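Taking it in order: structure first as structure tokens, then the write-up.
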Amino acid sequence: MTIRRLILPLVAAMALGLSACSKTDSTPTPTAETATAIAPAQAYEAVAAQAKGFTVGALMSAHTVYVLFDPQCPHCGHLWNAALPLLGKTRFVWVPVAIMGSKSMPQGAALMQAADPVAAMSAHEQSILSGQGGMSASSSIPDDVAAAIQTNTQLMDRLGAASVPFIVARHTRSGQVITRAGALSTEALSEFLGLGQP
């Protein structure tokens, strides 16, 4: 993959005021078996049933927010930082996908297997946001973890998500399924989720 292919989608997104990273040209297309689209109203149930990630925040909370993210996406790093002040109010499941290149899968696997996911993700995102490329991760990935990340990536396609971070949740007040691509500030994320003031 050329640097130009990676930079052009980011430049286009910035020009449009978007805060998300799009798939690269090398992103695998889902197979016919997995390409069945998921209707927006069924997005929450589908992600809850099929996605694999790591859980942080209020583990006993009845409210769960799913965030599909690529470890190489700086906008995902911004959303991670924005979500940290909300960890006492709700449970987040961070679901790694691999859409941005060869580092995505190994880094996603390392984060999924981390003994302390909050510390690992915080250090990783700090490295990404400072332009250091993120955590070092082995390319030797257990088969079940690699399969989970591939399933997550196919699930993202079936949801119709073209970029990350991609949030899937139920609004805490209305109970309606809500989805959104892109990073948000802490205040905007709290409002989007219906959590009130952070």
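Letters A, B, ... go to the chains of the structure tokens in the order shown; residues in each chain start at 1; ligands are counted from 1 in the same order.
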Backbone DSSP call of alpha helix (DSSP H) for chain A, listed as a ChimeraX atom specification: /A:3-15,43-50,74-83,104-113,117-129,143-158,186-193
Kindly provide the residues of stretch 128-153 of chain A that approach stretch 157-174 of chain A to within 12 Å, each paired with its closest atom pair and their distance in Å to one decimal, based on only C-alpha atoms, listed by chain and increasing number, as CSV.
```
residue,atom,partner,partner_atom,distance
A:Gln150,CA,A:Asp157,CA,10.9
A:Thr151,CA,A:Asp157,CA,9.9
A:Asn152,CA,A:Asp157,CA,8.8
A:Thr153,CA,A:Asp157,CA,6.6
```
Given only C-alpha atoms as the counted atoms, nearest of A:Met112, A:Ala48, A:Ile99, A:Ile141 to A:Val65: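 The answer is A:Ala48, which sits nearest to A:Val65.
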12 Å contact set for A:Gly53, only C-alpha atoms, chain neighbours under 2 positions out, as a ChimeraX atom specification: /A:47-51,55-56,65-70,92-97,108-114,117,145-146,148-153
Nearby residues (only C-alpha atoms) at most 12 Å from A:Cys73, same-chain spacing under 6 positions excluded, as JSON, numbers by chain: {"A": [6, 7, 9, 10, 19, 20, 21, 22, 23, 24, 79, 80, 96, 97, 98, 99, 100, 101, 103, 104, 107, 108, 124, 125, 126, 127, 128, 129, 131, 133, 134, 163, 164, 165, 166, 182, 183]}
Nearest to A:Gln42 by atom-to-atom distance, counting only C-alpha atoms, from A:Ala119, A:Ile178, A:Ala58, A:Cys76: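 Ranking A:Ala119, A:Ile178, A:Ala58, A:Cys76 by distance to A:Gln42, first place goes to A:Ile178.
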Interatomic distance, atom CA of A:Pro106 to atom CA of A:Ser185 (Å, one decimal): 27.9 Å
Atom-to-atom span, atom CA of A:Met105 and atom CA of A:Asp143, Å: 11.7 Å
Backbone-only DSSP, strand (DSSP E) members of stretch 61-128 of chain A, as a ChimeraX atom specification: /A:64-69,91-96
Store the residues of this selection in a file with C-alpha atoms, as a PDB file, in the first residue's frame.
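This is the output file result.pdb:
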```pdb
ATOM      1  CA  THR A  64     -23.322  -1.161  26.969  1.00  0.00           C
ATOM      2  CA  VAL A  65     -21.739   0.904  24.218  1.00  0.00           C
ATOM      3  CA  TYR A  66     -19.920  -0.925  21.408  1.00  0.00           C
ATOM      4  CA  VAL A  67     -17.123   0.869  19.564  1.00  0.00           C
ATOM      5  CA  LEU A  68     -15.714  -0.716  16.412  1.00  0.00           C
ATOM      6  CA  PHE A  69     -12.210   0.658  15.987  1.00  0.00           C
ATOM      7  CA  ARG A  91     -19.743  -0.089  30.038  1.00  0.00           C
ATOM      8  CA  PHE A  92     -17.821   0.142  26.764  1.00  0.00           C
ATOM      9  CA  VAL A  93     -16.831  -2.812  24.596  1.00  0.00           C
ATOM     10  CA  TRP A  94     -14.025  -1.853  22.216  1.00  0.00           C
ATOM     11  CA  VAL A  95     -14.219  -4.112  19.165  1.00  0.00           C
ATOM     12  CA  PRO A  96     -11.070  -4.209  17.001  1.00  0.00           C
TER      13      PRO A  96
END
```
One-decimal distance in Å that lies between atom CA of A:Leu155 and atom CA of A:Glu187: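 Computing the Euclidean distance for atom CA of A:Glu187 and atom CA of A:Leu155 yields 28.1 Å.
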Nearest-residue call for A:Glu45, choices A:Val177, A:Ala82, A:Gln197, A:Gly77, using only C-alpha atoms: A:Val177
